[in-house]
$ cat query_1.txt   # compact mmCIF, C-alpha atoms
# COMPACT_ATOMS: atom_id res chain seq x y z
CA MET A 1 3.00 18.61 -13.55
CA PRO A 2 0.31 16.91 -11.46
CA THR A 3 0.95 13.89 -9.32
CA PHE A 4 0.68 10.30 -10.47
CA VAL A 5 0.75 7.03 -8.54
CA TYR A 6 2.84 3.92 -9.12
CA MET A 7 0.25 1.16 -8.76
CA THR A 8 2.80 -1.50 -7.85
CA ARG A 9 3.92 0.49 -4.80
CA CYS A 10 0.62 1.92 -3.51
CA ASP A 11 -1.24 -0.10 -0.89
CA GLY A 12 -4.24 2.24 -0.63
CA CYS A 13 -3.42 3.34 2.93
CA GLY A 14 -5.01 6.79 2.46
CA GLN A 15 -2.20 9.07 3.75
CA CYS A 16 -2.33 11.07 0.50
CA VAL A 17 -6.14 11.25 0.68
CA ASP A 18 -5.82 12.77 4.13
CA ILE A 19 -3.14 15.29 3.35
CA CYS A 20 -4.12 16.62 -0.08
CA PRO A 21 -5.12 20.28 0.40
CA SER A 22 -7.25 20.15 -2.77
CA ASP A 23 -8.97 16.90 -1.80
CA ILE A 24 -8.18 15.46 -5.20
CA MET A 25 -6.27 12.37 -4.10
CA HIS A 26 -8.87 9.61 -3.87
CA ILE A 27 -8.95 5.85 -3.69
CA ASP A 28 -9.85 4.35 -7.05
CA PRO A 29 -13.07 2.33 -6.72
CA VAL A 30 -11.86 -0.21 -9.30
CA VAL A 31 -8.30 -1.01 -8.28
CA ARG A 32 -8.50 0.38 -4.71
CA ARG A 33 -5.28 2.35 -5.08
CA ALA A 34 -4.78 6.10 -4.77
CA TYR A 35 -5.14 8.31 -7.83
CA ASN A 36 -5.42 11.97 -8.68
CA ILE A 37 -9.05 12.51 -9.62
CA GLU A 38 -8.55 15.96 -11.13
CA PRO A 39 -5.02 16.65 -12.36
CA ASN A 40 -6.04 20.14 -13.55
CA MET A 41 -6.72 21.12 -9.95
CA CYS A 42 -3.38 19.85 -8.63
CA TRP A 43 -1.09 22.69 -7.63
CA GLU A 44 1.87 20.37 -7.30
CA CYS A 45 2.44 21.10 -3.64
CA TYR A 46 4.14 17.70 -3.21
CA SER A 47 2.28 17.05 0.07
CA CYS A 48 1.10 13.60 -1.06
CA VAL A 49 4.49 12.77 -2.55
CA LYS A 50 6.18 13.50 0.78
CA ALA A 51 3.48 11.85 2.91
CA CYS A 52 3.34 8.55 1.02
CA PRO A 53 4.97 5.87 3.23
CA HIS A 54 5.72 3.73 0.16
CA ASN A 55 7.10 6.50 -2.09
CA ALA A 56 4.43 5.49 -4.55
CA ILE A 57 3.55 9.01 -5.75
CA ASP A 58 5.61 11.05 -8.13
CA VAL A 59 5.51 14.33 -9.95
CA ARG A 60 7.33 15.22 -13.12
CA GLY A 61 9.23 18.44 -12.51
CA TYR A 62 9.07 21.46 -14.79
CA ALA A 63 11.64 22.21 -17.44
CA ASP A 64 12.79 25.31 -15.57
CA PHE A 65 14.98 23.33 -13.19
CA ALA A 66 15.89 20.30 -15.30
CA PRO A 67 15.43 19.37 -18.96
CA LEU A 68 12.28 17.37 -19.68
CA GLY A 69 12.48 13.63 -19.26
CA HIS A 70 14.22 13.83 -15.88
CA SER A 71 13.22 12.12 -12.67
CA VAL A 72 12.68 14.08 -9.47
CA ARG A 73 12.00 12.02 -6.38
CA VAL A 74 11.78 12.85 -2.73
CA ARG A 75 12.04 11.11 0.65
CA ARG A 76 10.88 12.74 3.83
CA ASP A 77 12.28 11.29 7.04
CA GLU A 78 10.24 12.53 9.99
CA GLU A 79 12.41 10.91 12.65
CA LYS A 80 15.57 12.52 11.32
CA GLY A 81 13.70 15.73 10.51
CA VAL A 82 15.09 16.05 6.99
CA ILE A 83 13.93 15.89 3.42
CA ALA A 84 16.05 14.51 0.60
CA TRP A 85 15.64 15.12 -3.10
CA ARG A 86 17.19 13.35 -6.04
CA ILE A 87 17.14 14.70 -9.55
CA ILE A 88 18.38 12.53 -12.41
CA PHE A 89 18.62 14.02 -15.87
CA ARG A 90 17.41 12.00 -18.81
CA ASN A 91 20.98 11.26 -19.93
CA GLY A 92 21.39 9.38 -16.62
CA GLU A 93 24.75 11.07 -15.98
CA LYS A 94 23.62 14.10 -14.02
CA ASP A 95 22.45 12.62 -10.72
CA MET A 96 22.01 15.11 -7.87
CA ASN A 97 21.19 14.45 -4.22
CA LEU A 98 20.01 17.27 -2.00
CA LEU A 99 19.25 17.29 1.71
CA ALA A 100 17.58 19.93 3.86
CA PRO A 101 16.19 20.15 7.41
CA ILE A 102 12.41 20.33 7.75
CA THR A 103 12.33 20.83 11.50
CA THR A 104 14.82 21.84 14.14
CA LYS A 105 12.72 20.71 17.11
CA PRO A 106 10.82 17.49 17.81
CA TRP A 107 7.41 17.35 16.12
CA GLY A 108 4.46 18.56 18.16
CA LYS A 109 6.50 19.61 21.21
CA HIS A 110 6.74 23.36 20.57
CA ILE A 111 3.35 24.34 19.24
CA PRO A 112 2.65 28.07 19.81
CA GLN A 113 0.01 28.45 22.52
CA LEU A 114 -2.14 31.00 20.73
CA ALA A 115 -4.79 30.76 23.45
CA ASP A 116 -2.34 32.49 25.82
CA VAL A 117 -1.60 35.38 23.44
CA PRO A 118 -3.50 38.60 24.34
CA PRO A 119 -6.46 39.11 22.00
CA PRO A 120 -6.24 41.94 19.46
CA SER A 121 -7.64 45.31 20.50
CA ASP A 122 -10.59 46.90 18.69
CA GLU A 123 -8.18 49.22 16.93
CA MET A 124 -6.20 46.24 15.65
CA ARG A 125 -9.38 44.50 14.56
CA ASP A 126 -10.43 47.54 12.51
CA SER A 127 -7.02 47.95 10.88
CA GLN A 128 -6.07 46.52 7.54
CA TYR A 129 -3.30 44.39 9.05
CA LEU A 130 -3.41 40.77 9.90
CA PHE A 131 -3.30 39.60 13.50
CA ASN A 132 0.36 39.14 14.45
CA GLU A 133 1.45 40.43 11.06
CA PRO A 134 5.24 40.02 10.84
CA LYS A 135 6.97 43.30 11.46
CA TYR A 136 9.06 42.99 8.31
CA ILE A 137 6.04 43.37 6.04
CA ARG A 138 4.40 46.28 7.85
CA PHE A 139 4.60 49.77 6.36
CA ASP A 140 3.21 51.70 9.33
CA ASP A 141 6.24 51.10 11.45
CA GLY A 142 9.49 52.27 9.96
CA GLY A 143 8.47 52.59 6.31
CA LEU A 144 9.63 50.09 3.70
CA HIS A 145 11.63 47.35 5.33
CA THR A 146 14.71 46.16 3.56
CA LEU A 147 17.39 43.69 4.53
CA GLU A 148 19.72 46.63 5.01
CA SER A 149 17.35 48.67 7.20
CA ASN A 150 16.83 45.62 9.40
CA LYS A 151 20.54 44.86 9.54
CA LEU A 152 20.04 41.51 7.84
CA GLN A 153 22.19 39.90 5.21
CA LEU A 154 21.30 37.55 2.37
CA LYS A 155 23.11 34.25 2.68
CA ALA A 156 23.14 31.07 0.68
CA GLY A 157 21.17 28.00 1.67
CA VAL A 158 18.23 27.42 3.94
CA TYR A 159 17.87 29.84 6.84
CA GLU A 160 15.31 30.82 9.45
CA MET B 1 -19.33 -31.34 11.73
CA ILE B 2 -16.00 -29.56 11.93
CA THR B 3 -13.93 -32.72 11.55
CA SER B 4 -16.03 -34.40 8.87
CA ASN B 5 -15.23 -34.19 5.17
CA PRO B 6 -18.26 -32.58 3.48
CA PHE B 7 -17.10 -33.72 0.03
CA ALA B 8 -17.03 -37.36 1.17
CA GLU B 9 -20.60 -37.11 2.45
CA LEU B 10 -21.69 -35.41 -0.77
CA SER B 11 -20.05 -38.14 -2.82
CA ALA B 12 -21.61 -40.89 -0.69
CA SER B 13 -25.16 -39.53 -0.72
CA LEU B 14 -25.38 -38.19 -4.27
CA PRO B 15 -24.45 -39.80 -7.58
CA LEU B 16 -21.56 -37.34 -7.80
CA GLU B 17 -18.42 -39.23 -8.77
CA PRO B 18 -15.14 -38.15 -7.12
CA GLY B 19 -13.82 -37.84 -10.66
CA VAL B 20 -16.25 -35.02 -11.39
CA MET B 21 -15.08 -33.09 -8.33
CA GLN B 22 -11.44 -33.78 -9.17
CA ALA B 23 -12.01 -32.59 -12.74
CA TYR B 24 -13.59 -29.40 -11.34
CA VAL B 25 -10.50 -28.72 -9.19
CA VAL B 26 -8.20 -29.30 -12.18
CA LEU B 27 -10.38 -26.96 -14.28
CA MET B 28 -10.09 -24.24 -11.61
CA VAL B 29 -6.28 -24.64 -11.53
CA LEU B 30 -6.19 -24.31 -15.33
CA LEU B 31 -8.43 -21.23 -15.15
CA VAL B 32 -6.07 -19.63 -12.62
CA ILE B 33 -3.04 -20.33 -14.82
CA GLY B 34 -4.80 -19.16 -17.99
CA GLY B 35 -6.33 -16.11 -16.30
CA THR B 36 -2.99 -15.06 -14.83
CA LEU B 37 -1.23 -15.38 -18.20
CA LEU B 38 -3.99 -13.35 -19.88
CA ASP B 39 -3.72 -10.78 -17.11
CA VAL B 40 0.05 -10.52 -17.63
CA VAL B 41 -0.45 -10.02 -21.37
CA HIS B 42 -3.32 -7.57 -20.94
CA LYS B 43 -1.76 -5.40 -18.22
CA LYS B 44 1.77 -5.78 -19.64
CA SER B 45 3.00 -6.31 -16.09
CA ALA B 46 5.94 -8.56 -17.06
CA LYS B 47 7.03 -5.99 -19.65
CA TYR B 48 6.71 -3.23 -17.04
CA PHE B 49 8.87 -5.07 -14.49
CA PHE B 50 11.47 -5.98 -17.12
CA GLU B 51 11.76 -2.45 -18.51
CA LYS B 52 11.91 -0.93 -15.03
CA GLY B 53 14.61 -3.43 -14.02
CA GLU B 54 16.66 -2.52 -17.11
CA GLU B 55 16.25 1.19 -16.40
CA LEU B 56 17.39 0.81 -12.78
CA LYS B 57 20.38 -1.29 -13.84
CA LYS B 58 21.72 1.73 -15.72
CA ILE B 59 21.95 3.81 -12.53
CA ALA B 60 22.94 0.93 -10.25
CA LYS B 61 26.06 1.53 -8.19
CA ARG B 62 27.00 -2.15 -8.06
CA GLN B 63 26.01 -5.47 -9.55
CA VAL B 64 23.83 -7.79 -7.49
CA GLY B 65 25.02 -11.38 -7.94
CA GLY B 66 22.84 -14.45 -8.40
CA GLY B 67 23.42 -15.68 -4.85
CA GLU B 68 22.49 -12.33 -3.39
CA LYS B 69 19.34 -12.26 -5.54
CA VAL B 70 18.37 -15.66 -4.17
CA GLY B 71 18.89 -14.26 -0.66
CA ILE B 72 16.70 -11.26 -1.51
CA ALA B 73 14.05 -13.59 -2.94
CA VAL B 74 14.08 -15.66 0.26
CA GLY B 75 13.90 -12.46 2.33
CA THR B 76 10.96 -11.22 0.23
CA PHE B 77 9.21 -14.55 0.69
CA THR B 78 9.69 -14.67 4.46
CA SER B 79 8.90 -11.01 5.05
CA GLU B 80 6.60 -9.53 2.39
CA VAL B 81 4.85 -12.78 1.45
CA LEU B 82 4.63 -14.77 4.69
CA THR B 83 4.06 -11.84 7.05
CA SER B 84 2.52 -9.21 4.68
CA SER B 85 5.11 -6.73 5.95
CA GLU B 86 4.37 -4.20 3.20
CA PHE B 87 1.21 -3.00 4.91
CA ALA B 88 1.82 0.22 6.83
CA ASN B 89 -1.52 -0.14 8.60
CA PRO B 90 -1.36 -2.91 11.26
CA GLU B 91 -5.11 -3.59 11.02
CA ARG B 92 -4.88 -4.19 7.30
CA ARG B 93 -1.87 -6.39 7.84
CA ILE B 94 -3.58 -8.62 10.42
CA SER B 95 -6.77 -8.85 8.37
CA HIS B 96 -4.72 -9.72 5.28
CA LEU B 97 -2.86 -12.44 7.18
CA PHE B 98 -6.15 -13.98 8.35
CA THR B 99 -7.53 -13.95 4.81
CA MET B 100 -4.31 -15.14 3.15
CA TYR B 101 -3.57 -18.07 5.48
CA GLY B 102 -7.25 -19.00 5.55
CA PHE B 103 -7.29 -19.09 1.75
CA ILE B 104 -4.13 -21.22 1.54
CA PHE B 105 -5.39 -23.75 4.10
CA PHE B 106 -8.83 -23.80 2.51
CA VAL B 107 -7.59 -24.38 -1.04
CA VAL B 108 -4.96 -26.96 -0.10
CA THR B 109 -7.27 -28.97 2.15
CA THR B 110 -10.04 -28.84 -0.46
CA ALA B 111 -7.66 -30.44 -2.96
CA VAL B 112 -6.43 -32.95 -0.36
CA MET B 113 -9.96 -33.97 0.60
CA ILE B 114 -11.25 -34.19 -2.98
CA PHE B 115 -8.25 -36.10 -4.33
CA GLY B 116 -8.43 -38.40 -1.28
CA LEU B 117 -11.87 -39.63 -2.40
CA PRO B 118 -13.37 -42.15 -2.24
CA VAL B 119 -12.78 -42.44 1.50
CA ALA B 120 -13.16 -45.88 3.02
CA GLU B 121 -15.27 -46.02 6.17
CA GLY B 122 -13.35 -44.67 9.18
CA THR B 123 -10.15 -43.77 7.30
CA GLY B 124 -10.89 -40.14 6.48
CA SER B 125 -8.48 -37.52 7.78
CA ALA B 126 -10.10 -35.43 10.48
CA LEU B 127 -7.17 -33.01 10.35
CA ALA B 128 -7.78 -31.99 6.71
CA ALA B 129 -11.47 -31.40 7.41
CA LEU B 130 -10.64 -29.42 10.55
CA LEU B 131 -8.16 -27.23 8.67
CA TRP B 132 -10.70 -26.78 5.85
CA HIS B 133 -13.27 -25.42 8.30
CA LEU B 134 -10.71 -23.28 10.15
CA GLY B 135 -9.41 -21.95 6.83
CA ALA B 136 -12.91 -20.89 5.77
CA LEU B 137 -13.47 -19.30 9.18
CA SER B 138 -10.17 -17.44 8.94
CA ILE B 139 -11.12 -16.09 5.47
CA CYS B 140 -14.42 -14.90 6.95
CA ILE B 141 -12.74 -13.18 9.92
CA GLY B 142 -10.14 -11.35 7.79
CA GLY B 143 -12.53 -10.71 4.89
CA TYR B 144 -15.48 -9.35 6.85
CA TRP B 145 -13.15 -7.27 9.00
CA PHE B 146 -11.78 -5.76 5.80
CA TRP B 147 -15.20 -5.36 4.21
CA PHE B 148 -17.01 -3.65 7.07
CA LYS B 149 -14.21 -1.77 8.79
CA ILE B 150 -11.05 -1.34 6.80
CA ARG B 151 -12.12 -0.95 3.16
CA VAL B 152 -10.56 2.46 2.69
CA ASP B 153 -12.95 3.87 0.16
CA VAL B 154 -15.88 3.20 2.47
CA ARG B 155 -14.90 6.26 4.44
CA SER B 156 -12.91 8.34 2.00
CA GLU B 157 -15.52 8.21 -0.74
CA GLY B 158 -18.50 8.03 1.61
CA ASN B 159 -19.49 4.64 0.21
CA GLU B 160 -21.66 2.36 2.29
CA TRP B 161 -20.77 -1.27 2.89
CA HIS B 162 -23.43 -2.36 0.41
CA ASN B 163 -21.89 -0.36 -2.47
CA VAL B 164 -20.21 -3.01 -4.55
CA HIS B 165 -17.79 -2.15 -7.36
CA GLN B 166 -16.01 -4.21 -9.95
CA SER B 167 -12.91 -4.09 -7.74
CA ASP B 168 -14.85 -6.08 -5.15
CA LEU B 169 -15.19 -9.09 -7.45
CA PHE B 170 -12.28 -10.82 -5.73
CA ILE B 171 -13.21 -10.15 -2.11
CA VAL B 172 -16.95 -10.71 -2.62
CA SER B 173 -16.52 -14.04 -4.42
CA LEU B 174 -13.90 -15.10 -1.84
CA LEU B 175 -16.20 -14.23 1.06
CA LEU B 176 -19.21 -15.90 -0.55
CA MET B 177 -17.14 -19.01 -1.20
CA ALA B 178 -15.85 -19.26 2.39
CA SER B 179 -19.17 -18.30 3.99
CA PHE B 180 -21.24 -20.74 1.95
CA ALA B 181 -18.65 -23.49 2.42
CA LEU B 182 -19.25 -23.18 6.17
CA ILE B 183 -23.03 -22.83 5.78
CA TRP B 184 -23.13 -25.86 3.47
CA SER B 185 -21.13 -27.94 5.91
CA LEU B 186 -23.35 -26.82 8.79
CA LEU B 187 -26.58 -27.56 6.90
CA GLN B 188 -25.21 -30.89 5.72
CA ALA B 189 -24.56 -31.87 9.33
CA SER B 190 -27.89 -30.60 10.64
CA THR B 191 -30.38 -31.25 7.82
CA GLY B 192 -28.66 -34.00 5.85
CA SER B 193 -26.57 -33.89 2.70
CA THR B 194 -29.53 -34.19 0.33
CA SER B 195 -31.74 -31.54 1.92
CA VAL B 196 -32.82 -28.61 -0.28
CA LEU B 197 -31.19 -26.01 1.97
CA SER B 198 -27.90 -27.84 1.97
CA MET B 199 -28.00 -28.18 -1.84
CA ILE B 200 -28.77 -24.44 -2.27
CA ALA B 201 -25.76 -23.57 -0.07
CA PHE B 202 -23.61 -26.01 -2.09
CA VAL B 203 -24.67 -24.45 -5.41
CA ILE B 204 -23.83 -20.93 -4.15
CA PHE B 205 -20.49 -22.23 -2.84
CA ILE B 206 -19.62 -23.69 -6.26
CA ALA B 207 -20.87 -20.59 -8.11
CA ALA B 208 -18.74 -18.31 -5.88
CA SER B 209 -15.63 -20.50 -6.29
CA THR B 210 -16.10 -20.59 -10.06
CA ALA B 211 -16.48 -16.79 -10.10
CA LEU B 212 -13.36 -16.39 -7.96
CA PHE B 213 -11.10 -18.58 -10.09
CA SER B 214 -12.47 -17.71 -13.54
CA THR B 215 -12.48 -13.89 -13.36
CA ILE B 216 -8.78 -13.21 -12.81
CA LEU B 217 -8.62 -10.87 -15.79
CA TRP B 218 -11.18 -8.55 -14.18
CA SER B 219 -10.46 -9.04 -10.48
CA LYS B 220 -7.43 -8.44 -8.28
CA PHE B 221 -6.70 -12.15 -7.88
CA ALA B 222 -3.36 -11.73 -9.70
CA HIS B 223 -2.07 -9.43 -6.93
CA MET B 224 -0.79 -12.54 -5.18
CA PHE B 225 1.65 -13.01 -8.05
CA PHE B 226 2.69 -9.47 -8.98
CA LYS B 227 2.94 -7.99 -5.47
CA PRO B 228 5.82 -10.30 -4.47
CA ALA B 229 7.50 -9.46 -7.81
CA ALA B 230 7.20 -5.74 -7.05
CA ALA B 231 8.55 -6.25 -3.51
CA PHE B 232 11.50 -8.25 -4.88
CA GLN B 233 12.33 -5.55 -7.42
CA LYS B 234 12.14 -2.89 -4.69
CA LYS B 235 14.64 -4.81 -2.56
CA VAL B 236 17.00 -5.39 -5.48
CA ALA B 237 16.90 -1.63 -6.16
CA VAL B 238 18.07 -1.04 -2.57
CA ALA B 239 20.82 -3.66 -2.84
CA ASP B 240 22.23 -2.37 -6.14
CA GLY B 241 22.22 1.25 -4.95
CA SER B 242 19.81 2.56 -7.61
CA LEU B 243 17.19 2.98 -4.84
CA ASP B 244 14.42 3.15 -7.45
CA LYS B 245 15.68 6.67 -8.20
CA LEU B 246 14.98 7.73 -4.61
CA PRO B 247 17.52 9.87 -2.75
CA GLU B 248 19.75 8.54 0.00
CA ILE B 249 19.33 9.86 3.52
CA PRO B 250 22.74 9.80 5.22
CA ASP B 251 23.56 9.56 8.92
CA LEU B 252 23.14 13.19 9.98
CA SER B 253 25.89 13.06 12.59
CA SER B 254 28.52 11.70 10.19
CA ALA B 255 31.42 13.95 9.19
CA GLU B 256 30.76 13.25 5.52
CA CYS B 257 27.17 14.49 5.80
CA LYS B 258 28.21 17.61 7.72
CA GLU B 259 30.78 18.48 5.09
CA ARG B 260 28.45 17.91 2.18
CA TYR B 261 25.37 19.53 3.70
CA PRO B 262 26.54 22.32 6.07
CA ASP B 263 22.92 23.39 6.67
CA ILE B 264 22.31 20.25 8.72
CA PRO B 265 24.74 20.96 11.62
CA GLU B 266 24.00 24.70 11.39
CA TYR B 267 20.28 24.34 12.03
CA MET B 268 19.97 20.94 13.67
CA GLY B 269 23.13 20.74 15.75
CA ASP B 270 26.00 18.25 15.61
CA ASN B 271 23.90 15.31 16.76
CA PRO B 272 20.31 15.94 15.69
CA PRO B 273 17.86 14.25 18.07
CA ASN B 274 15.12 11.85 16.99
CA MET B 275 12.37 14.24 15.96
CA GLY B 276 9.54 11.76 16.54
CA LEU B 277 6.94 10.35 14.21
CA GLY B 278 5.73 13.57 12.54
CA ILE B 279 2.60 12.93 10.49
CA LYS B 280 2.80 9.27 11.44
CA ARG B 281 1.64 10.22 14.95
CA GLU B 282 -1.89 9.95 13.62
CA ALA B 283 -3.32 7.22 11.41
CA PRO B 284 -4.98 8.44 8.23
CA ASN B 285 -8.73 8.72 8.70
CA HIS B 286 -9.72 10.24 5.34
CA TYR B 287 -10.94 13.75 6.18
$ encode --input "query_1.txt" --output "structure tokens"
Amino acid sequence: MPTFVYMTRCDGCGQCVDICPSDIMHIDPVVRRAYNIEPNMCWECYSCVKACPHNAIDVRGYADFAPLGHSVRVRRDEEKGVIAWRIIFRNGEKDMNLLAPITTKPWGKHIPQLADVPPPSDEMRDSQYLFNEPKYIRFDDGGLHTLESNKLQLKAGVYE
Amino acid sequence: MITSNPFAELSASLPLEPGVMQAYVVLMVLLVIGGTLLDVVHKKSAKYFFEKGEELKKIAKRQVGGGEKVGIAVGTFTSEVLTSSEFANPERRISHLFTMYGFIFFVVTTAVMIFGLPVAEGTGSALAALLWHLGALSICIGGYWFWFKIRVDVRSEGNEWHNVHQSDLFIVSLLLMASFALIWSLLQASTGSTSVLSMIAFVIFIAASTALFSTILWSKFAHMFFKPAAAFQKKVAVADGSLDKLPEIPDLSSAECKERYPDIPEYMGDNPPNMGLGIKREAPNHY
């Protein structure tokens, strides 16, 4: 479901306008608060919801992870490097808190220096592969990669 | 000029009774009260706050007592109201403080000066007149700063400063009122209180004030009443543990957190460092 803004919380700071990848979060010319100008074009990426410093933007989740009428809200704490979710079912009894890391290193300190990486050769340029295509999705080197063939194991939770 | 009461000079040089000016002030107060009540009925804001409060009470972890609510109300008044602490953008906050305090001083001193009429020779308060002028100047500083530099949709929507929308009714009438109050006072001092220029400035000043106080239903004037209510409700939601349905973010180095969320110590270590400001490193600049 597309995003919507709580007018009493929004102060029109423009963080959501900046971050929206579809450029559909705008400042309303009448009330000077943020709003979604084209809900049909919203792909529910939650970028604005997470970026809003006042937690003024919300999205109603789909029925595939909670029955309709629930509340799903999120808080992103940059300094702690975590994101927290809270899902409350409409009966008010099921109230779940979730927490996950969003970075393991300080922001902006470990940016890959792509300028130092050797440029692709002509052969690489003419191939159908992407530059620096991850080895696990390549078929020309070792056939079909599986977890087993790469000696990896599926485990629960968030992993690198 | 800056320490003289322009209303006293107007009253002395024109057949404009102090009673007429006092009646005008009372009318404006009644328009503000009536407009705010109509706004509350039209936007259903009181109903919204009540229903939201009831909804949050159901998921509250503890009851907030009357004394604690008074403390929260005082905290809201001293922080959100007196220092506009809700603004994330420091420029907007400073500009808002200039405009807000200017408006308060301007309105209060206007009432003081008008209800102090008629002024006997040499007994007028220079302080009230000084604060009236400084108040108007402060509104102009904060207001024009906002209008030409900060108004967010100027940049995000590519609107020029001369594009005026209905939402600008409040700020435009406020700025016209403060600007023409100063211009009127200046012209009164330089060209005399009965000069044509001074009277034109006075008429615009009165027209702008009437527009400001009589259009509450269509402008954002009522924000000064509902914003503190929203801030109070937000703080109560933190105190009663309902957190406005937002999740809690625990101390990442606590044993309880590590036990409940084993991913945190696994990927971030036992004592995760301060990761810095993230997207807050850069102020939003709308594209």
$ atom_distance --input "query_1.txt" --atom1 "CA of Pro15 in chain B" --atom2 "CA of Ser193 in chain B"
12.0 Å
$ atom_distance --input "query_1.txt" --atom1 "CA of Lys235 in chain B" --atom2 "CA of Ala60 in chain B"
12.7 Å
$ closest_residue --input "query_1.txt" --among "A:Ile102, A:Met41, A:Met124, A:Val5" --to "chain B" --atoms "all atoms listed in the file"
A:Ile102
$ interface_residues --input "query_1.txt" --of "chain B" --to "chain A" --cutoff "8 Å" --atoms "only C-alpha atoms" --output "number ranges by chain"
B: 58-59, 87-89, 152-153, 156-157, 165-168, 220, 227, 230, 245-249, 252, 261, 263-264, 267-268, 272-279, 283-287
$ residues_near_point --input "query_1.txt" --point "(-6.4, -27.3, 7.6)" --cutoff "12 Å" --atoms "all atoms listed in the file" --output "MDAnalysis selection string"
chainID B and resid 2:3 5 101:113 125:138
$ atom_distance --input "query_1.txt" --atom1 "CA of Gly75 in chain B" --atom2 "CA of Phe232 in chain B"
8.7 Å
$ axis_aligned_box --input "query_1.txt" --around "range 54-70 of chain A" --padding-each-side "8 Å" --output "lines of an AutoDock Vina configuration file"
center_x = 9.7
center_y = 14.5
center_z = -9.8
size_x = 28.3
size_y = 37.6
size_z = 35.8
$ closest_residue --input "query_1.txt" --among "B:Cys140, B:Ile72, B:Leu217, B:Ala178" --to "Ala201 in chain B" --atoms "only C-alpha atoms"
B:Ala178
$ residues_around --input "query_1.txt" --residues "range 126-136 of chain A" --least-positions-apart "5" --cutoff "8 Å" --atoms "all atoms listed in the file" --output "PyMOL selection string"
chain A and resi 120+141+145
$ closest_residue --input "query_1.txt" --among "B:Leu56, B:Val29, B:Ile139, B:Ile200" --to "Gln233 in chain B" --atoms "all atoms listed in the file"
B:Leu56
$ residues_around --input "query_1.txt" --residues "Thr215 in chain B" --least-positions-apart "6" --cutoff "10 Å" --atoms "all atoms listed in the file" --output "PyMOL selection string"
chain B and resi 31-32+35-36+169-170+173+221
$ write_last_selection --input "query_1.txt" --atoms "C-alpha atoms" --output "PDB file, keeping the file's coordinate frame"
ATOM      1  CA  LEU B  31      -8.430 -21.230 -15.150  1.00  0.00           C
ATOM      2  CA  VAL B  32      -6.070 -19.630 -12.620  1.00  0.00           C
ATOM      3  CA  GLY B  35      -6.330 -16.110 -16.300  1.00  0.00           C
ATOM      4  CA  THR B  36      -2.990 -15.060 -14.830  1.00  0.00           C
ATOM      5  CA  LEU B 169     -15.190  -9.090  -7.450  1.00  0.00           C
ATOM      6  CA  PHE B 170     -12.280 -10.820  -5.730  1.00  0.00           C
ATOM      7  CA  SER B 173     -16.520 -14.040  -4.420  1.00  0.00           C
ATOM      8  CA  PHE B 221      -6.700 -12.150  -7.880  1.00  0.00           C
TER       9      PHE B 221
END
$ residues_around --input "query_1.txt" --residues "Gly19 in chain B" --least-positions-apart "5" --cutoff "12 Å" --atoms "all atoms listed in the file" --output "PyMOL selection string"
chain B and resi 7+11+24-27+114-118
$ write_last_selection --input "query_1.txt" --atoms "C-alpha atoms" --output "PDB file, in the coordinates of the input"
ATOM      1  CA  PHE B   7     -17.100 -33.720   0.030  1.00  0.00           C
ATOM      2  CA  SER B  11     -20.050 -38.140  -2.820  1.00  0.00           C
ATOM      3  CA  TYR B  24     -13.590 -29.400 -11.340  1.00  0.00           C
ATOM      4  CA  VAL B  25     -10.500 -28.720  -9.190  1.00  0.00           C
ATOM      5  CA  VAL B  26      -8.200 -29.300 -12.180  1.00  0.00           C
ATOM      6  CA  LEU B  27     -10.380 -26.960 -14.280  1.00  0.00           C
ATOM      7  CA  ILE B 114     -11.250 -34.190  -2.980  1.00  0.00           C
ATOM      8  CA  PHE B 115      -8.250 -36.100  -4.330  1.00  0.00           C
ATOM      9  CA  GLY B 116      -8.430 -38.400  -1.280  1.00  0.00           C
ATOM     10  CA  LEU B 117     -11.870 -39.630  -2.400  1.00  0.00           C
ATOM     11  CA  PRO B 118     -13.370 -42.150  -2.240  1.00  0.00           C
TER      12      PRO B 118
END
